[in-house]
Structures are given as structure tokens and as C-alpha cells.
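Content type compact mmCIF, C-alpha atoms, from the file final-v3.txt:
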```
# COMPACT_ATOMS: atom_id res chain seq x y z
CA MET A 1373 -22.11 -0.17 15.83
CA LYS A 1374 -18.98 -2.16 15.02
CA GLN A 1375 -15.66 -1.06 16.47
CA LYS A 1376 -13.24 0.31 13.89
CA VAL A 1377 -9.94 -1.37 13.06
CA VAL A 1378 -7.55 0.69 10.93
CA VAL A 1379 -4.80 -1.34 9.27
CA LEU A 1380 -1.64 0.20 7.80
CA THR A 1381 0.15 -2.24 5.50
CA GLY A 1382 3.51 -2.02 3.75
CA ALA A 1383 5.76 -4.01 1.45
CA GLY A 1384 6.26 -6.87 3.93
CA ILE A 1385 2.74 -8.25 3.50
CA SER A 1386 3.07 -8.33 -0.31
CA ALA A 1387 6.59 -9.79 -0.16
CA GLU A 1388 5.14 -12.93 1.43
CA SER A 1389 3.03 -13.44 -1.68
CA GLY A 1390 6.22 -13.29 -3.75
CA LEU A 1391 6.32 -9.65 -4.88
CA ALA A 1392 9.73 -7.97 -4.94
CA THR A 1393 10.31 -4.97 -2.68
CA PHE A 1394 13.05 -2.40 -3.00
CA ARG A 1395 13.59 -1.45 0.64
CA ASP A 1396 15.87 -4.45 1.27
CA ALA A 1397 18.14 -3.93 -1.72
CA ASN A 1398 20.18 -0.77 -1.10
CA GLY A 1399 17.65 1.39 -2.90
CA LEU A 1400 17.80 -0.79 -6.01
CA TRP A 1401 14.62 -2.29 -7.39
CA GLU A 1402 15.10 -5.14 -9.88
CA GLY A 1403 18.52 -3.66 -10.68
CA HIS A 1404 17.27 -0.09 -11.15
CA ASP A 1405 17.97 2.93 -9.01
CA VAL A 1406 14.56 3.75 -7.57
CA MET A 1407 14.75 7.35 -8.78
CA GLU A 1408 15.14 6.12 -12.38
CA VAL A 1409 11.80 4.33 -12.31
CA ALA A 1410 9.76 6.01 -9.56
CA SER A 1411 10.22 9.77 -9.90
CA PRO A 1412 8.98 12.53 -12.23
CA GLU A 1413 12.61 13.10 -13.25
CA GLY A 1414 13.02 9.45 -14.22
CA TRP A 1415 9.82 9.61 -16.26
CA LYS A 1416 10.96 12.76 -18.08
CA LYS A 1417 14.35 11.23 -18.82
CA ASN A 1418 13.25 7.79 -20.00
CA PRO A 1419 9.48 7.14 -20.08
CA GLU A 1420 9.99 3.88 -21.98
CA LEU A 1421 12.10 2.44 -19.14
CA VAL A 1422 9.51 3.51 -16.57
CA LEU A 1423 6.63 1.98 -18.53
CA GLU A 1424 8.51 -1.28 -18.97
CA PHE A 1425 9.41 -1.38 -15.28
CA TYR A 1426 5.75 -1.12 -14.25
CA ASN A 1427 4.71 -3.56 -16.97
CA GLN A 1428 6.96 -6.11 -15.29
CA ARG A 1429 5.51 -5.23 -11.85
CA ARG A 1430 2.00 -5.86 -13.20
CA LYS A 1431 3.05 -9.11 -14.81
CA SER A 1432 4.53 -10.24 -11.48
CA ALA A 1433 1.43 -9.18 -9.55
CA LEU A 1434 -0.83 -11.20 -11.85
CA GLY A 1435 1.21 -14.29 -11.06
CA VAL A 1436 0.80 -14.22 -7.26
CA GLU A 1437 -2.08 -14.77 -4.85
CA PRO A 1438 -3.24 -13.12 -1.61
CA ASN A 1439 -1.66 -14.81 1.39
CA ALA A 1440 -2.88 -15.83 4.86
CA ALA A 1441 -2.38 -12.29 6.21
CA HIS A 1442 -4.57 -10.72 3.51
CA LYS A 1443 -7.23 -13.36 4.10
CA ALA A 1444 -7.17 -12.95 7.88
CA LEU A 1445 -7.89 -9.22 7.51
CA VAL A 1446 -11.00 -10.12 5.48
CA LYS A 1447 -12.14 -12.42 8.28
CA LEU A 1448 -11.81 -9.50 10.71
CA GLU A 1449 -14.67 -7.76 8.85
CA GLN A 1450 -17.12 -10.27 10.37
CA LYS A 1451 -16.81 -8.46 13.71
CA PHE A 1452 -15.21 -5.07 12.98
CA ASP A 1453 -15.42 -2.13 10.61
CA VAL A 1454 -12.03 -2.69 8.93
CA ARG A 1455 -10.34 0.13 7.01
CA ILE A 1456 -7.11 -0.75 5.23
CA ILE A 1457 -4.60 1.97 4.39
CA THR A 1458 -1.91 0.45 2.24
CA GLN A 1459 1.40 1.76 0.94
CA ASN A 1460 1.32 -1.08 -1.60
CA VAL A 1461 0.22 -0.50 -5.18
CA ASP A 1462 -0.81 -4.13 -5.87
CA ASN A 1463 -4.41 -5.31 -5.61
CA LEU A 1464 -3.91 -8.25 -3.24
CA HIS A 1465 -6.11 -6.79 -0.48
CA GLU A 1466 -8.99 -6.39 -2.95
CA ARG A 1467 -8.44 -9.84 -4.45
CA ALA A 1468 -8.58 -11.34 -0.96
CA GLY A 1469 -11.97 -9.67 -0.46
CA SER A 1470 -11.30 -6.59 1.68
CA LYS A 1471 -14.08 -4.04 1.17
CA HIS A 1472 -12.41 -0.77 2.19
CA VAL A 1473 -8.87 -0.25 0.83
CA LEU A 1474 -7.20 3.15 0.52
CA HIS A 1475 -4.05 3.12 -1.65
CA LEU A 1476 -1.74 5.89 -0.46
CA HIS A 1477 0.80 5.42 -3.24
CA GLY A 1478 -1.56 4.75 -6.14
CA LYS A 1479 -2.70 1.63 -7.96
CA LEU A 1480 -0.60 -0.57 -10.20
CA PHE A 1481 -3.59 -1.62 -12.31
CA GLU A 1482 -4.59 1.91 -13.26
CA SER A 1483 -3.15 4.42 -15.72
CA ARG A 1484 -3.67 8.15 -15.75
CA SER A 1485 -3.30 11.08 -18.07
CA THR A 1486 -0.09 13.13 -18.01
CA LYS A 1487 -2.16 16.20 -18.92
CA ASP A 1488 -5.09 15.86 -16.50
CA GLU A 1489 -4.46 13.77 -13.38
CA ARG A 1490 -8.22 13.39 -12.83
CA LEU A 1491 -8.39 11.15 -15.90
CA ILE A 1492 -7.78 7.66 -14.48
CA TYR A 1493 -8.36 4.42 -16.34
CA PRO A 1494 -8.55 0.82 -15.07
CA MET A 1495 -6.13 -1.59 -16.75
CA GLU A 1496 -7.26 -5.02 -17.83
CA GLY A 1497 -3.90 -6.54 -18.71
CA TRP A 1498 -0.35 -5.76 -17.72
CA GLU A 1499 1.01 -3.68 -20.59
CA LEU A 1500 1.12 0.11 -20.95
CA LYS A 1501 3.08 1.41 -23.94
CA LEU A 1502 4.44 4.65 -25.39
CA GLY A 1503 1.66 5.94 -27.64
CA ASP A 1504 -1.17 4.86 -25.31
CA LEU A 1505 -3.08 8.12 -24.92
CA CYS A 1506 -5.79 9.56 -22.69
CA GLU A 1507 -8.96 11.07 -24.17
CA LYS A 1508 -7.23 14.45 -24.30
CA GLY A 1509 -4.41 13.04 -26.41
CA SER A 1510 -1.61 12.90 -23.85
CA GLN A 1511 0.55 9.91 -22.95
CA LEU A 1512 -0.75 7.64 -20.20
CA ARG A 1513 1.49 6.97 -17.19
CA PRO A 1514 1.16 4.58 -14.26
CA ASN A 1515 -1.28 5.88 -11.62
CA ILE A 1516 1.47 5.70 -9.01
CA VAL A 1517 2.59 8.35 -6.52
CA TRP A 1518 6.29 8.74 -7.28
CA PHE A 1519 9.02 10.08 -5.01
CA GLY A 1520 8.74 13.86 -4.91
CA GLU A 1521 5.01 13.89 -5.69
CA PRO A 1522 2.29 14.79 -3.15
CA VAL A 1523 0.30 11.97 -1.54
CA PRO A 1524 -3.28 13.08 -2.25
CA LEU A 1525 -5.03 10.60 0.07
CA ILE A 1526 -2.92 11.24 3.18
CA GLU A 1527 -5.54 13.52 4.77
CA GLU A 1528 -8.26 10.93 4.31
CA ALA A 1529 -5.92 8.31 5.81
CA ALA A 1530 -5.21 10.57 8.80
CA GLU A 1531 -8.96 11.09 9.38
CA GLU A 1532 -9.53 7.33 9.36
CA THR A 1533 -6.70 6.82 11.85
CA MET A 1534 -8.05 9.50 14.19
CA THR A 1535 -11.19 7.43 14.78
CA ALA A 1536 -9.53 4.00 15.15
CA ASP A 1537 -10.49 1.75 18.06
CA TYR A 1538 -7.55 -0.49 17.11
CA LEU A 1539 -4.56 0.21 14.85
CA LEU A 1540 -2.68 -2.64 13.16
CA VAL A 1541 0.65 -1.86 11.44
CA ILE A 1542 1.82 -4.72 9.24
CA GLY A 1543 4.99 -5.25 7.21
CA THR A 1544 6.21 -1.68 7.02
CA SER A 1545 9.58 -0.18 7.91
CA LEU A 1546 7.84 3.06 8.99
CA GLN A 1547 10.54 4.96 7.10
CA VAL A 1548 8.47 6.33 4.22
CA TYR A 1549 6.70 9.58 5.03
CA PRO A 1550 4.02 10.81 5.18
CA ALA A 1551 2.63 7.29 5.71
CA ALA A 1552 4.88 6.62 8.71
CA GLY A 1553 3.46 9.67 10.46
CA LEU A 1554 -0.03 8.17 10.59
CA LEU A 1555 0.70 6.48 13.94
CA SER A 1556 0.69 9.88 15.61
CA PHE A 1557 -2.93 10.43 14.55
CA ALA A 1558 -4.24 7.42 16.49
CA PRO A 1559 -6.11 8.32 19.69
CA HIS A 1560 -3.86 8.12 22.75
CA ASP A 1561 -5.68 5.14 24.26
CA THR A 1562 -6.04 3.14 21.03
CA PRO A 1563 -4.21 -0.21 21.16
CA ILE A 1564 -1.54 -0.42 18.45
CA TYR A 1565 -0.23 -3.76 17.19
CA LEU A 1566 3.00 -3.69 15.18
CA ILE A 1567 3.58 -6.91 13.21
CA ASP A 1568 6.95 -7.30 11.48
CA PRO A 1569 9.86 -9.74 11.93
CA ASN A 1570 12.20 -6.72 11.91
CA ALA A 1571 9.92 -4.48 13.95
CA PRO A 1572 11.15 -0.90 13.54
CA ALA A 1573 11.85 1.25 16.58
CA VAL A 1574 8.90 3.52 17.29
CA GLN A 1575 8.48 6.20 19.90
CA HIS A 1576 7.16 4.68 23.09
CA ARG A 1577 3.41 4.64 23.29
CA ARG A 1578 1.29 2.99 25.88
CA ASN A 1579 -0.89 0.24 24.44
CA LEU A 1580 1.81 -0.66 21.90
CA THR A 1581 2.26 -4.39 21.29
CA ILE A 1582 5.11 -5.55 19.04
CA ILE A 1583 4.67 -8.94 17.36
CA GLN A 1584 8.00 -9.93 15.79
CA GLU A 1585 6.57 -12.36 13.27
CA LYS A 1586 6.12 -12.30 9.54
CA ALA A 1587 2.66 -11.21 8.43
CA THR A 1588 1.39 -14.68 7.48
CA VAL A 1589 2.07 -15.86 11.06
CA GLY A 1590 1.38 -12.79 13.16
CA VAL A 1591 -1.74 -11.44 11.46
CA PRO A 1592 -3.89 -14.63 11.60
CA ARG A 1593 -2.88 -15.09 15.24
CA LEU A 1594 -3.82 -11.51 16.15
CA VAL A 1595 -7.10 -11.72 14.23
CA GLU A 1596 -8.09 -14.83 16.19
CA GLN A 1597 -7.31 -12.96 19.40
CA LEU A 1598 -9.38 -9.91 18.42
CA MET A 1599 -12.29 -12.05 17.21
CA ALA A 1600 -12.35 -13.81 20.60
CA GLU A 1601 -12.36 -10.63 22.71
```

In C-alpha cells, write the structure found in this file.
Amino acid sequence: MKQKVVVLTGAGISAESGLATFRDANGLWEGHDVMEVASPEGWKKNPELVLEFYNQRRKSALGVEPNAAHKALVKLEQKFDVRIITQNVDNLHERAGSKHVLHLHGKLFESRSTKDERLIYPMEGWELKLGDLCEKGSQLRPNIVWFGEPVPLIEEAAEETMTADYLLVIGTSLQVYPAAGLLSFAPHDTPIYLIDPNAPAVQHRRNLTIIQEKATVGVPRLVEQLMAE
């Protein structure tokens, strides 16, 4: 049986493909306060603004490609059972070829009903408009977990982490909970590799290796190392 590698990815890996992140801009995202465009309150106040904001995110995502870090994680599947838990809503992991991707914060290229959250629809293009309705007649919204909303897949992510033989943490500030708490679910003797040029301070754990490189440099290098072991 293949050993299991659990990978937690954040905004840093997508940023290297050219996608804007908001963590580096004083809480502003493309000029918007994050709560205006990524909260239930923002949606209630101005749904048109929220829809347009995510339309632009989709348009941007369609114009970029998976990078060397995404591709290296696919290569890792040749030897390991790789499970990716991502805080990112883009589809770059899937486009690179990763088989098992769990999106903690939702998916940019899906919409869902505002009446029944079980009604989820794939999106072909980039545009979602006021007046686009679900089969029950309610407005569609982005299938994104906004600030203040529960993270429905966090338990599944914790279960995956509990059985990890290796844990890779890539391009995340480890400041957004509950995702940041996943490290504590890794078995005590599981090697953890933290790859980020601005590696955040984490509580001391044995078997913790910090690689202060951007994802496109650090991930391919680590993958080569793990493939050779």
C-alpha cells in the first residue's frame, strides 16, 4: 500500500500562477474590503457587487495556468497516495492533474442555490448574473465559503490529516481558521514540511522542516527528495 501524503495549500501557490490574493493587501482585495465581497452581510447588502467580483476572479483564473508546484504534486502520485486539502477556490490543482482535491473554502467554478445549499451547479464560463436561478427559483450565488459561514469539509480534512505519513504545507500564512488548525491533527511522528518564503511561526514540533522558498522552487525540490527516498 502506498504511503499517504497530505498536502495543505494556500494562496501562495496560486499567486505564483498570477492570481491575486488579499492577505498581502491590508485586507483589501482588488480594492474591496473583503467583508464587502466575501461575507453573507456583503451579499445581502449588494449581491450585484459580489457577483461581479467573483466574475472577475473566474475571468482571471481562466487566464492562468498551473505552475511547477502544482505539477510536482501530480508527479508525487506516482509513488504516494496524495490527498490535497486546499484553501484556494481556483481549479489549478485539478487542471494540473491531481486526482484527490478537497476544497475547504468552496469552488470558484460552481454556483449554488440561495434557498437549498445542496443544489450545486458546475459553471462553464465565467459569468454569474442577477436573475440566474436554481431549479427552485432562487438566485444563484458563488459556491464559496464566506467569512462567518461554517466550513463543511473541515471534518473530512481533519480525518485525512490524522492518517498522514507526510504532511506538506505550501503557501499558506496559517492564519485562517479552521484550516490552520489542521496541523494539530497530524500524527506526532509524521514529518511536516512547511514551504513558504515567509514561513509563519508555528508551535515547535519534532519532525518539522521549514523550506523558506516560493512554491515553484521548494515543492519540486521536495518532491524529488521524497521520490528518491

So that I can check the surroundings of Glu1388 (chain A), please list as a PyMOL selection string every protein, DNA and RNA residue that reaches within 8 Å of it, counting only C-alpha atoms and ignoring chain neighbours fewer than 4 positions away.
chain A and resi 1384+1439+1587-1588

(11.4, -9.5, 8.1) in this file's frame - what residues fall within 10 Å of it? Use all atoms listed in the file and give the answer as a ChimeraX atom specification.
/A:1384-1385,1387-1388,1396,1543-1545,1567-1571,1584-1587

Figure out the distance between CA of Pro1592 (chain A) and CA of Ser1556 (chain A), please, to one decimal in Å.
25.3 Å

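When CA of Arg1467 (chain A) is paired with CA of Ile1516 (chain A), their separation reads 19.0 Å.
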
Show me a table, sorted first by chain and then by increasing residue number, of the residues of region 1507-1599 of chain A having an atom at most 9 Å from region 1402-1424 of chain A, each with its shortest atom pair and the distance in Å to one decimal, counting only C-alpha atoms and written as JSON lines.
```
{"residue": "A:Arg1513", "atom": "CA", "partner": "A:Leu1423", "partner_atom": "CA", "distance": 7.3}
{"residue": "A:Pro1514", "atom": "CA", "partner": "A:Leu1423", "partner_atom": "CA", "distance": 7.4}
{"residue": "A:Ile1516", "atom": "CA", "partner": "A:Ala1410", "partner_atom": "CA", "distance": 8.3}
{"residue": "A:Val1517", "atom": "CA", "partner": "A:Ala1410", "partner_atom": "CA", "distance": 8.1}
{"residue": "A:Trp1518", "atom": "CA", "partner": "A:Ser1411", "partner_atom": "CA", "distance": 4.8}
{"residue": "A:Phe1519", "atom": "CA", "partner": "A:Ser1411", "partner_atom": "CA", "distance": 5.0}
{"residue": "A:Gly1520", "atom": "CA", "partner": "A:Ser1411", "partner_atom": "CA", "distance": 6.6}
{"residue": "A:Glu1521", "atom": "CA", "partner": "A:Pro1412", "partner_atom": "CA", "distance": 7.8}
```

Who sits within 12 Å of Gly1382 (chain A), all atoms listed in the file, same chain under 2 positions skipped, as a VMD selection string:
chain A and resid 1379 to 1380 1384 to 1388 1391 1393 to 1395 1442 1456 to 1462 1464 to 1465 1475 to 1477 1540 to 1548 1551 to 1552 1566 to 1568 1587

Quick one, how far is CA of Gln1511 (chain A) from CA of Pro1494 (chain A)?
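CA of Gln1511 (chain A) sits 15.1 Å away from CA of Pro1494 (chain A).
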